[in-house]
Amino acid sequence: MFGFSKAQQFAFLTMLALIVICPFVLYPVFLMRVLCMAIFACAFNLMIGYVGLLSFGHAAFFGMGSYIAAWTMKFWHVDAAVAIVLGGATGAVLGLCLGYLAIRRSGIYFAMITLALAQMVYFFCVEAPFTGGEDGIQQVPRGQLFGIVPLNNDMAMYWLVAAVFLGSFLLIHRIIHSPFGQVLKAIRENEPRATSLGYRTDDYKLIAFVLSTTLAGVAGGTKALVFGIATLTDVHYSTSGEVVLTTLLGGLGTVFGPVMGAVLVTTMENYLAQFGQWVTVTQGAIFVICVLAFRRGVIGELGGALRLAL
Amino acid sequence: MIMIFGIPGPLLFGQLLLGLINGAFYAMLSMGLAIIFGMLNIINFAHGALFMMGAFASWMLLQYAGIGYFPSLILAPLIIGVFGVILERTIISRLYHLDHLYGLLLTFGLALVIQGLFRNYYGSSGLPYRIPDVLQGATDVGFMFLPNYRAWVVVAAVVVCVATWAIIEKTPLGATLRAATENAPLVQAFGVNVPRVITLTYGGGVALAAFAGVLAAPIYSVNPNMGDNFINTVFAVVVIGGMGSIMGSIVTGFALGVIEGLTKVFYPQASATVVFLVMVIVLLTLPHGLFGRRA
């Protein structure tokens, strides 16, 4: 099914079952936050896990997607689906521009360039009038889906978010297992060799980057819809750091790692929110522990222990 | 009043001075990053946090021990330098056999922990640090009033930058360092204790950041986010200059500070983004940076 291995099929069906059961047991808004983060982390994982490039600026795409979706919902009263698609389109266009610059370097420089470019986007958002500055865009209506399904009901909204998540998840899986994905992996393993085989590696990297930023924009747009708000926090580099942490904790380059990371990080933030700055300290400590003790992340280590690729 | 390009002279020179001061911090921080990267192959994401710790160290020395500005200009970098050495020995040294990216992730985590802890105990509002009496006031230099402390910061930064450059480029110690950057196993074969050189390099780079922090304390209020505001711009400076040369990072740092200052005069809205725009132009024309070497 969808090119999953047996173990992955089992994991996927478990995830599917949890997505269906959880909203009847847990608070749907919390679950939607987890799913938005999961889309974002899966998009980020496409770059770090399969192209081997660490982007430290994914907040720019997430945040701009969120702003555009919120703005079009609030002032143009577009359909919810259109708003999410516009969020993705924003991520794609911005990703094409910034990616074109960033893929000129690799390794550490790629990380620094994406960080700096994202910072530029952040400063732009601070100055630009349409973002509402420090206030952000608030009280965004959820509107309707396809003009018929009102989304004010949390459950209706939840099914939409779950559908967007599953769509993104399967799309990424499809990309990774396509011939295109194989070339990406070849570039990650040995770029000069891929070049010598006649692949225009820069083009492949740019396309992968744009796919990743498109989905980051979708994640941002969906988030704006769920919470009815788009703020400077979404474009701030701490959000970039958060998605790196989520993916690292779950497992870089694993299929289910980013989802697991999203569950863990969001839950942690939920419980630590009342302790103020301890969230930052804990996030930092998790970074340090992950890098020192388990670089493969929760799912990576689990897969390693079971000798399975999850 | 003198007018230059339709801008009143004092305003122009005032912003130029502010630009030079920011440039001084960019230069000191990006030089530290370049030195550490050369030896450890790690981008020290915690550099901003350590810069902030330098400022806090001088504030604490004054607050709790009554030690004034000038002694803490030496003491604070020493204390934070020792802290850096401990960090390197206990945590960072475990990563040398791994991909460089893990060093970046690790030091990012360290920065979050340090900043979070300081925000917890000292809040985000900032603590004042008085300019020492000797450097109070301003001098009339003909075309503008020059605040003494700001002039001192620029002079001190230039001296420290040039001294660091001289140590690395002109002394036997620096020669060992450069050799170890180029080919560590060979230098080790000659009997140099390379791991110790690496540790001391990290300590030195961190001390430079802390020194910049002490200089910054009276200008910007001492607060846990002060490193945050600088470090992202400093990364852009490093990309523009390339990390290949010490002099390169010094020149790039000062130049970008001045460009930023001038932008504040002519088109204030873009002043926060101009450094990043310069980075975009450099990436389009010289992808390896102005002073960078092809890897």
# chains A, B, ... in the order shown; residues from 1 in each chain; ligands from 1

$ residues_around --residues "range 68-81 of chain B" --least-positions-apart "2" --cutoff "8 Å" --atoms "only C-alpha atoms" --output "list in words"
Leu50, Met53, Gly54, Ala55, Ala57, Ser58, Leu61, Leu62, Gly66, Phe83, Gly84, Val85, Pro132, Gly203, Gly204, Gly205, Val206, Ala207, Leu208, Ala209, Ala210, Phe211, Val214 and Leu215 of chain B

$ write_last_selection --atoms "C-alpha atoms" --output "mmCIF file, in the first residue's frame"
data_model
loop_
_atom_site.group_PDB
_atom_site.id
_atom_site.type_symbol
_atom_site.label_atom_id
_atom_site.label_comp_id
_atom_site.auth_asym_id
_atom_site.auth_seq_id
_atom_site.Cartn_x
_atom_site.Cartn_y
_atom_site.Cartn_z
ATOM 1 C CA LEU B 50 28.041 33.941 25.536
ATOM 2 C CA MET B 53 26.842 36.298 29.512
ATOM 3 C CA GLY B 54 29.842 38.635 29.213
ATOM 4 C CA ALA B 55 27.588 41.631 29.738
ATOM 5 C CA ALA B 57 29.204 38.929 34.189
ATOM 6 C CA SER B 58 30.301 42.570 34.265
ATOM 7 C CA LEU B 61 30.767 41.810 39.227
ATOM 8 C CA LEU B 62 29.625 45.380 39.847
ATOM 9 C CA GLY B 66 31.671 46.035 43.664
ATOM 10 C CA PHE B 83 33.105 28.626 31.176
ATOM 11 C CA GLY B 84 33.705 28.135 27.439
ATOM 12 C CA VAL B 85 36.639 25.828 28.137
ATOM 13 C CA PRO B 132 32.278 54.625 34.013
ATOM 14 C CA GLY B 203 38.016 29.550 25.174
ATOM 15 C CA GLY B 204 39.670 32.438 23.337
ATOM 16 C CA GLY B 205 36.790 32.861 20.878
ATOM 17 C CA VAL B 206 34.322 32.823 23.744
ATOM 18 C CA ALA B 207 36.408 35.357 25.701
ATOM 19 C CA LEU B 208 36.282 37.660 22.664
ATOM 20 C CA ALA B 209 32.481 37.417 22.658
ATOM 21 C CA ALA B 210 32.411 38.156 26.385
ATOM 22 C CA PHE B 211 34.723 41.146 25.931
ATOM 23 C CA VAL B 214 31.248 43.999 28.500
ATOM 24 C CA LEU B 215 31.757 46.806 25.975
#

$ select_by_dssp --residues "range 73-310 of chain A" --states "strand (DSSP E or B)" --output "PyMOL selection string"
chain A and resi 137+144-145+149-150+230

$ residues_around --residues "Ala118 in chain A" --least-positions-apart "6" --cutoff "10 Å" --atoms "only C-alpha atoms" --output "list in words"
Ser55, Phe56, Gly57, His58, Ala59, Ala60, Phe61, Gly63, Leu98, Met112, Phe124, Val235, His236, Tyr237 and Ser240 of chain A; Asn232 and Phe276 of chain B

$ atom_distance --atom1 "CA of Phe287 in chain A" --atom2 "CA of Ser125 in chain B"
26.6 Å

$ closest_atom_pairs --of "chain B" --to "chain A" --cutoff "8 Å" --atoms "only C-alpha atoms" --output "JSON lines"
{"residue": "B:Ile43", "atom": "CA", "partner": "A:Ile108", "partner_atom": "CA", "distance": 7.3}
{"residue": "B:Ile91", "atom": "CA", "partner": "A:Leu292", "partner_atom": "CA", "distance": 7.9}
{"residue": "B:Arg94", "atom": "CA", "partner": "A:Leu292", "partner_atom": "CA", "distance": 7.5}
{"residue": "B:Leu95", "atom": "CA", "partner": "A:Leu292", "partner_atom": "CA", "distance": 7.7}
{"residue": "B:His100", "atom": "CA", "partner": "A:Ile108", "partner_atom": "CA", "distance": 7.0}
{"residue": "B:Leu101", "atom": "CA", "partner": "A:Ile108", "partner_atom": "CA", "distance": 6.3}
{"residue": "B:Tyr102", "atom": "CA", "partner": "A:Val291", "partner_atom": "CA", "distance": 6.4}
{"residue": "B:Leu104", "atom": "CA", "partner": "A:Ile108", "partner_atom": "CA", "distance": 7.8}
{"residue": "B:Leu105", "atom": "CA", "partner": "A:Phe287", "partner_atom": "CA", "distance": 6.8}
{"residue": "B:Leu106", "atom": "CA", "partner": "A:Val288", "partner_atom": "CA", "distance": 5.2}
{"residue": "B:Thr107", "atom": "CA", "partner": "A:Val288", "partner_atom": "CA", "distance": 7.8}
{"residue": "B:Phe108", "atom": "CA", "partner": "A:Gly284", "partner_atom": "CA", "distance": 7.3}
{"residue": "B:Gly109", "atom": "CA", "partner": "A:Gly284", "partner_atom": "CA", "distance": 3.9}
{"residue": "B:Leu110", "atom": "CA", "partner": "A:Gly284", "partner_atom": "CA", "distance": 5.9}
{"residue": "B:Ala111", "atom": "CA", "partner": "A:Gly284", "partner_atom": "CA", "distance": 7.2}
{"residue": "B:Leu112", "atom": "CA", "partner": "A:Gly284", "partner_atom": "CA", "distance": 4.7}
{"residue": "B:Val113", "atom": "CA", "partner": "A:Val281", "partner_atom": "CA", "distance": 4.2}
{"residue": "B:Ile114", "atom": "CA", "partner": "A:Val281", "partner_atom": "CA", "distance": 7.4}
{"residue": "B:Gln115", "atom": "CA", "partner": "A:Val281", "partner_atom": "CA", "distance": 7.7}
{"residue": "B:Gly116", "atom": "CA", "partner": "A:Val281", "partner_atom": "CA", "distance": 5.0}
{"residue": "B:Leu117", "atom": "CA", "partner": "A:Val281", "partner_atom": "CA", "distance": 6.5}
{"residue": "B:Arg119", "atom": "CA", "partner": "A:Gln277", "partner_atom": "CA", "distance": 6.7}
{"residue": "B:Asn120", "atom": "CA", "partner": "A:Gln277", "partner_atom": "CA", "distance": 5.7}
{"residue": "B:Asn232", "atom": "CA", "partner": "A:Ala116", "partner_atom": "CA", "distance": 6.1}
{"residue": "B:Thr233", "atom": "CA", "partner": "A:Ala116", "partner_atom": "CA", "distance": 7.0}
{"residue": "B:Phe235", "atom": "CA", "partner": "A:Met112", "partner_atom": "CA", "distance": 6.0}
{"residue": "B:Ala236", "atom": "CA", "partner": "A:Ala116", "partner_atom": "CA", "distance": 5.6}
{"residue": "B:Val239", "atom": "CA", "partner": "A:Tyr109", "partner_atom": "CA", "distance": 7.0}
{"residue": "B:Gln269", "atom": "CA", "partner": "A:Glu127", "partner_atom": "CA", "distance": 7.3}
{"residue": "B:Ala272", "atom": "CA", "partner": "A:Phe123", "partner_atom": "CA", "distance": 6.5}
{"residue": "B:Thr273", "atom": "CA", "partner": "A:Met120", "partner_atom": "CA", "distance": 5.5}
{"residue": "B:Phe276", "atom": "CA", "partner": "A:Met120", "partner_atom": "CA", "distance": 6.1}
{"residue": "B:Val280", "atom": "CA", "partner": "A:Leu101", "partner_atom": "CA", "distance": 7.0}
{"residue": "B:Leu283", "atom": "CA", "partner": "A:Leu101", "partner_atom": "CA", "distance": 6.6}
{"residue": "B:Leu284", "atom": "CA", "partner": "A:Leu101", "partner_atom": "CA", "distance": 7.0}
{"residue": "B:Pro287", "atom": "CA", "partner": "A:Arg104", "partner_atom": "CA", "distance": 6.4}
{"residue": "B:His288", "atom": "CA", "partner": "A:Arg105", "partner_atom": "CA", "distance": 7.8}

$ residues_around --residues "Gly292 in chain B" --least-positions-apart "6" --cutoff "9 Å" --atoms "only C-alpha atoms" --output "list of chain:residue names"
B:Val239, B:Ile240, B:Gly241, B:Gly242, B:Met243, B:Gly244, B:Ser245, B:Gly248

$ residues_around --residues "range 150-158 of chain B" --least-positions-apart "5" --cutoff "8 Å" --atoms "only C-alpha atoms" --output "MDAnalysis selection string"
chainID B and resid 17 20:21 24:25 28 135 212 215

$ select_by_dssp --residues "range 61-209 of chain B" --states "alpha helix (DSSP H)" --output "JSON, numbers by chain"
{"B": [61, 62, 63, 64, 65, 69, 70, 71, 72, 73, 74, 75, 76, 77, 78, 79, 80, 81, 82, 83, 84, 85, 86, 87, 88, 89, 90, 100, 101, 102, 103, 104, 105, 106, 107, 108, 109, 110, 111, 112, 113, 114, 115, 116, 117, 118, 119, 120, 121, 122, 148, 149, 150, 151, 152, 153, 154, 155, 156, 157, 158, 159, 160, 161, 162, 163, 164, 165, 166, 167, 168, 169, 170, 172, 173, 174, 175, 176, 177, 178, 179, 180, 181, 182, 184, 185, 186, 187, 188, 189, 194, 195, 196, 197, 198, 199, 200, 201, 202, 203, 204, 205, 206, 207, 208, 209]}

$ residues_around --residues "Phe209 in chain A" --least-positions-apart "5" --cutoff "8 Å" --atoms "only C-alpha atoms" --output "list of chain:residue names"
A:Met47, A:Gly95, A:Leu96, A:Gly99

$ residues_around --residues "Ala262 in chain A" --least-positions-apart "5" --cutoff "10 Å" --atoms "only C-alpha atoms" --output "JSON, numbers by chain"
{"A": [33, 34, 35, 36, 37, 38, 39, 40, 41, 42, 242, 243, 245, 246, 247, 249, 250, 257, 267, 268]}

$ write_last_selection --atoms "C-alpha atoms" --output "PDB file, in the first residue's frame"
ATOM      1  CA  ARG A  33      -1.988  21.814  16.960  1.00  0.00           C
ATOM      2  CA  VAL A  34      -0.129  18.509  16.947  1.00  0.00           C
ATOM      3  CA  LEU A  35      -1.204  17.785  13.352  1.00  0.00           C
ATOM      4  CA  CYS A  36      -0.188  21.258  12.085  1.00  0.00           C
ATOM      5  CA  MET A  37       3.201  20.814  13.716  1.00  0.00           C
ATOM      6  CA  ALA A  38       3.419  17.321  12.202  1.00  0.00           C
ATOM      7  CA  ILE A  39       2.798  18.663   8.671  1.00  0.00           C
ATOM      8  CA  PHE A  40       5.440  21.334   9.269  1.00  0.00           C
ATOM      9  CA  ALA A  41       7.968  18.820  10.620  1.00  0.00           C
ATOM     10  CA  CYS A  42       7.337  16.328   7.789  1.00  0.00           C
ATOM     11  CA  GLU A 242      11.137  24.350  17.125  1.00  0.00           C
ATOM     12  CA  VAL A 243      10.639  22.455  13.868  1.00  0.00           C
ATOM     13  CA  LEU A 245      13.836  20.159  17.458  1.00  0.00           C
ATOM     14  CA  THR A 246      10.621  18.322  16.587  1.00  0.00           C
ATOM     15  CA  THR A 247      12.237  16.482  13.699  1.00  0.00           C
ATOM     16  CA  LEU A 249      13.608  14.369  18.578  1.00  0.00           C
ATOM     17  CA  GLY A 250      11.372  12.195  16.401  1.00  0.00           C
ATOM     18  CA  GLY A 257       9.719  10.487  13.252  1.00  0.00           C
ATOM     19  CA  THR A 267       2.622  17.828  24.600  1.00  0.00           C
ATOM     20  CA  MET A 268       5.686  19.111  26.412  1.00  0.00           C
TER      21      MET A 268
END

$ atom_distance --atom1 "CA of Arg178 in chain B" --atom2 "CA of Asn193 in chain B"
13.9 Å

$ atom_distance --atom1 "CA of Gly181 in chain A" --atom2 "CA of Leu46 in chain A"
9.6 Å

$ closest_residue --among "B:Leu40, B:Ile35, B:Ala27, B:Ala46" --to "Gly227 in chain B" --atoms "only C-alpha atoms"
B:Ala46

$ closest_residue --among "A:Leu145, A:Ala7, A:Leu16, A:Ile48" --to "Leu170 in chain A" --atoms "only C-alpha atoms"
A:Leu16

$ decode --residues "range 11-45 of chain A" --atoms "N, CA, C and O atoms" --output "PDB file, in the first residue's frame"
ATOM      1  N   ALA A  11       2.535   0.653  11.139  1.00  0.00           N
ATOM      2  CA  ALA A  11       2.651   1.938  11.825  1.00  0.00           C
ATOM      3  C   ALA A  11       1.645   2.935  11.263  1.00  0.00           C
ATOM      4  O   ALA A  11       1.016   3.700  12.010  1.00  0.00           O
ATOM      5  N   PHE A  12       1.471   2.911   9.935  1.00  0.00           N
ATOM      6  CA  PHE A  12       0.554   3.855   9.305  1.00  0.00           C
ATOM      7  C   PHE A  12      -0.882   3.589   9.748  1.00  0.00           C
ATOM      8  O   PHE A  12      -1.631   4.513  10.073  1.00  0.00           O
ATOM      9  N   LEU A  13      -1.253   2.306   9.781  1.00  0.00           N
ATOM     10  CA  LEU A  13      -2.623   1.962  10.194  1.00  0.00           C
ATOM     11  C   LEU A  13      -2.851   2.333  11.658  1.00  0.00           C
ATOM     12  O   LEU A  13      -3.919   2.825  12.021  1.00  0.00           O
ATOM     13  N   THR A  14      -1.820   2.147  12.490  1.00  0.00           N
ATOM     14  CA  THR A  14      -1.928   2.549  13.901  1.00  0.00           C
ATOM     15  C   THR A  14      -2.162   4.054  13.986  1.00  0.00           C
ATOM     16  O   THR A  14      -3.034   4.531  14.725  1.00  0.00           O
ATOM     17  N   MET A  15      -1.363   4.809  13.186  1.00  0.00           N
ATOM     18  CA  MET A  15      -1.490   6.266  13.203  1.00  0.00           C
ATOM     19  C   MET A  15      -2.896   6.668  12.752  1.00  0.00           C
ATOM     20  O   MET A  15      -3.538   7.526  13.361  1.00  0.00           O
ATOM     21  N   LEU A  16      -3.376   6.009  11.691  1.00  0.00           N
ATOM     22  CA  LEU A  16      -4.704   6.308  11.147  1.00  0.00           C
ATOM     23  C   LEU A  16      -5.776   6.068  12.214  1.00  0.00           C
ATOM     24  O   LEU A  16      -6.662   6.893  12.426  1.00  0.00           O
ATOM     25  N   ALA A  17      -5.638   4.941  12.919  1.00  0.00           N
ATOM     26  CA  ALA A  17      -6.604   4.603  13.959  1.00  0.00           C
ATOM     27  C   ALA A  17      -6.571   5.652  15.062  1.00  0.00           C
ATOM     28  O   ALA A  17      -7.628   6.107  15.541  1.00  0.00           O
ATOM     29  N   LEU A  18      -5.370   6.081  15.446  1.00  0.00           N
ATOM     30  CA  LEU A  18      -5.244   7.091  16.505  1.00  0.00           C
ATOM     31  C   LEU A  18      -5.877   8.407  16.070  1.00  0.00           C
ATOM     32  O   LEU A  18      -6.533   9.082  16.857  1.00  0.00           O
ATOM     33  N   ILE A  19      -5.673   8.768  14.788  1.00  0.00           N
ATOM     34  CA  ILE A  19      -6.241  10.017  14.295  1.00  0.00           C
ATOM     35  C   ILE A  19      -7.769   9.978  14.379  1.00  0.00           C
ATOM     36  O   ILE A  19      -8.410  10.968  14.693  1.00  0.00           O
ATOM     37  N   VAL A  20      -8.347   8.798  14.128  1.00  0.00           N
ATOM     38  CA  VAL A  20      -9.802   8.674  14.163  1.00  0.00           C
ATOM     39  C   VAL A  20     -10.321   8.638  15.600  1.00  0.00           C
ATOM     40  O   VAL A  20     -11.321   9.276  15.931  1.00  0.00           O
ATOM     41  N   ILE A  21      -9.606   7.925  16.470  1.00  0.00           N
ATOM     42  CA  ILE A  21     -10.118   7.730  17.846  1.00  0.00           C
ATOM     43  C   ILE A  21      -9.851   8.947  18.736  1.00  0.00           C
ATOM     44  O   ILE A  21     -10.717   9.371  19.499  1.00  0.00           O
ATOM     45  N   CYS A  22      -8.643   9.525  18.616  1.00  0.00           N
ATOM     46  CA  CYS A  22      -8.214  10.556  19.568  1.00  0.00           C
ATOM     47  C   CYS A  22      -9.191  11.728  19.778  1.00  0.00           C
ATOM     48  O   CYS A  22      -9.390  12.147  20.910  1.00  0.00           O
ATOM     49  N   PRO A  23      -9.804  12.280  18.720  1.00  0.00           N
ATOM     50  CA  PRO A  23     -10.659  13.451  18.970  1.00  0.00           C
ATOM     51  C   PRO A  23     -11.839  13.148  19.893  1.00  0.00           C
ATOM     52  O   PRO A  23     -12.421  14.067  20.459  1.00  0.00           O
ATOM     53  N   PHE A  24     -12.194  11.866  20.039  1.00  0.00           N
ATOM     54  CA  PHE A  24     -13.303  11.539  20.943  1.00  0.00           C
ATOM     55  C   PHE A  24     -12.814  11.414  22.379  1.00  0.00           C
ATOM     56  O   PHE A  24     -13.600  11.349  23.308  1.00  0.00           O
ATOM     57  N   VAL A  25     -11.492  11.347  22.549  1.00  0.00           N
ATOM     58  CA  VAL A  25     -10.919  11.160  23.879  1.00  0.00           C
ATOM     59  C   VAL A  25     -10.206  12.432  24.338  1.00  0.00           C
ATOM     60  O   VAL A  25     -10.311  12.840  25.485  1.00  0.00           O
ATOM     61  N   LEU A  26      -9.464  13.054  23.416  1.00  0.00           N
ATOM     62  CA  LEU A  26      -8.657  14.227  23.773  1.00  0.00           C
ATOM     63  C   LEU A  26      -9.273  15.499  23.179  1.00  0.00           C
ATOM     64  O   LEU A  26     -10.134  15.442  22.302  1.00  0.00           O
ATOM     65  N   TYR A  27      -8.757  16.632  23.659  1.00  0.00           N
ATOM     66  CA  TYR A  27      -9.249  17.937  23.226  1.00  0.00           C
ATOM     67  C   TYR A  27      -8.875  18.164  21.749  1.00  0.00           C
ATOM     68  O   TYR A  27      -7.680  18.174  21.414  1.00  0.00           O
ATOM     69  N   PRO A  28      -9.867  18.331  20.832  1.00  0.00           N
ATOM     70  CA  PRO A  28      -9.547  18.411  19.397  1.00  0.00           C
ATOM     71  C   PRO A  28      -8.594  19.552  19.033  1.00  0.00           C
ATOM     72  O   PRO A  28      -7.764  19.400  18.133  1.00  0.00           O
ATOM     73  N   VAL A  29      -8.696  20.700  19.724  1.00  0.00           N
ATOM     74  CA  VAL A  29      -7.841  21.838  19.368  1.00  0.00           C
ATOM     75  C   VAL A  29      -6.366  21.483  19.611  1.00  0.00           C
ATOM     76  O   VAL A  29      -5.488  21.820  18.821  1.00  0.00           O
ATOM     77  N   PHE A  30      -6.111  20.775  20.716  1.00  0.00           N
ATOM     78  CA  PHE A  30      -4.747  20.316  20.991  1.00  0.00           C
ATOM     79  C   PHE A  30      -4.268  19.388  19.883  1.00  0.00           C
ATOM     80  O   PHE A  30      -3.153  19.519  19.373  1.00  0.00           O
ATOM     81  N   LEU A  31      -5.146  18.462  19.467  1.00  0.00           N
ATOM     82  CA  LEU A  31      -4.768  17.508  18.416  1.00  0.00           C
ATOM     83  C   LEU A  31      -4.491  18.229  17.105  1.00  0.00           C
ATOM     84  O   LEU A  31      -3.581  17.862  16.360  1.00  0.00           O
ATOM     85  N   MET A  32      -5.271  19.296  16.829  1.00  0.00           N
ATOM     86  CA  MET A  32      -5.045  20.042  15.588  1.00  0.00           C
ATOM     87  C   MET A  32      -3.681  20.724  15.628  1.00  0.00           C
ATOM     88  O   MET A  32      -2.985  20.813  14.621  1.00  0.00           O
ATOM     89  N   ARG A  33      -3.308  21.199  16.827  1.00  0.00           N
ATOM     90  CA  ARG A  33      -1.988  21.814  16.960  1.00  0.00           C
ATOM     91  C   ARG A  33      -0.902  20.780  16.666  1.00  0.00           C
ATOM     92  O   ARG A  33       0.072  21.066  15.960  1.00  0.00           O
ATOM     93  N   VAL A  34      -1.096  19.581  17.204  1.00  0.00           N
ATOM     94  CA  VAL A  34      -0.129  18.509  16.947  1.00  0.00           C
ATOM     95  C   VAL A  34      -0.038  18.238  15.446  1.00  0.00           C
ATOM     96  O   VAL A  34       1.062  18.137  14.884  1.00  0.00           O
ATOM     97  N   LEU A  35      -1.201  18.141  14.775  1.00  0.00           N
ATOM     98  CA  LEU A  35      -1.204  17.785  13.352  1.00  0.00           C
ATOM     99  C   LEU A  35      -0.556  18.878  12.506  1.00  0.00           C
ATOM    100  O   LEU A  35       0.178  18.583  11.565  1.00  0.00           O
ATOM    101  N   CYS A  36      -0.826  20.157  12.838  1.00  0.00           N
ATOM    102  CA  CYS A  36      -0.188  21.258  12.085  1.00  0.00           C
ATOM    103  C   CYS A  36       1.327  21.176  12.229  1.00  0.00           C
ATOM    104  O   CYS A  36       2.072  21.327  11.257  1.00  0.00           O
ATOM    105  N   MET A  37       1.765  20.928  13.469  1.00  0.00           N
ATOM    106  CA  MET A  37       3.201  20.814  13.716  1.00  0.00           C
ATOM    107  C   MET A  37       3.753  19.612  12.955  1.00  0.00           C
ATOM    108  O   MET A  37       4.875  19.659  12.431  1.00  0.00           O
ATOM    109  N   ALA A  38       2.967  18.539  12.883  1.00  0.00           N
ATOM    110  CA  ALA A  38       3.419  17.321  12.202  1.00  0.00           C
ATOM    111  C   ALA A  38       3.597  17.588  10.702  1.00  0.00           C
ATOM    112  O   ALA A  38       4.578  17.145  10.105  1.00  0.00           O
ATOM    113  N   ILE A  39       2.657  18.330  10.095  1.00  0.00           N
ATOM    114  CA  ILE A  39       2.798  18.663   8.671  1.00  0.00           C
ATOM    115  C   ILE A  39       4.088  19.456   8.469  1.00  0.00           C
ATOM    116  O   ILE A  39       4.886  19.182   7.575  1.00  0.00           O
ATOM    117  N   PHE A  40       4.275  20.457   9.345  1.00  0.00           N
ATOM    118  CA  PHE A  40       5.440  21.334   9.269  1.00  0.00           C
ATOM    119  C   PHE A  40       6.722  20.510   9.394  1.00  0.00           C
ATOM    120  O   PHE A  40       7.666  20.651   8.596  1.00  0.00           O
ATOM    121  N   ALA A  41       6.754  19.614  10.375  1.00  0.00           N
ATOM    122  CA  ALA A  41       7.968  18.820  10.620  1.00  0.00           C
ATOM    123  C   ALA A  41       8.228  17.838   9.478  1.00  0.00           C
ATOM    124  O   ALA A  41       9.379  17.633   9.086  1.00  0.00           O
ATOM    125  N   CYS A  42       7.156  17.249   8.923  1.00  0.00           N
ATOM    126  CA  CYS A  42       7.337  16.328   7.789  1.00  0.00           C
ATOM    127  C   CYS A  42       7.924  17.093   6.601  1.00  0.00           C
ATOM    128  O   CYS A  42       8.804  16.583   5.890  1.00  0.00           O
ATOM    129  N   ALA A  43       7.441  18.322   6.388  1.00  0.00           N
ATOM    130  CA  ALA A  43       7.950  19.149   5.288  1.00  0.00           C
ATOM    131  C   ALA A  43       9.428  19.451   5.505  1.00  0.00           C
ATOM    132  O   ALA A  43      10.252  19.340   4.594  1.00  0.00           O
ATOM    133  N   PHE A  44       9.775  19.805   6.744  1.00  0.00           N
ATOM    134  CA  PHE A  44      11.166  20.109   7.071  1.00  0.00           C
ATOM    135  C   PHE A  44      12.044  18.872   6.886  1.00  0.00           C
ATOM    136  O   PHE A  44      13.155  18.940   6.364  1.00  0.00           O
ATOM    137  N   ASN A  45      11.504  17.722   7.295  1.00  0.00           N
ATOM    138  CA  ASN A  45      12.245  16.463   7.221  1.00  0.00           C
ATOM    139  C   ASN A  45      12.590  16.095   5.783  1.00  0.00           C
ATOM    140  O   ASN A  45      13.592  15.428   5.529  1.00  0.00           O
TER     141      ASN A  45
END
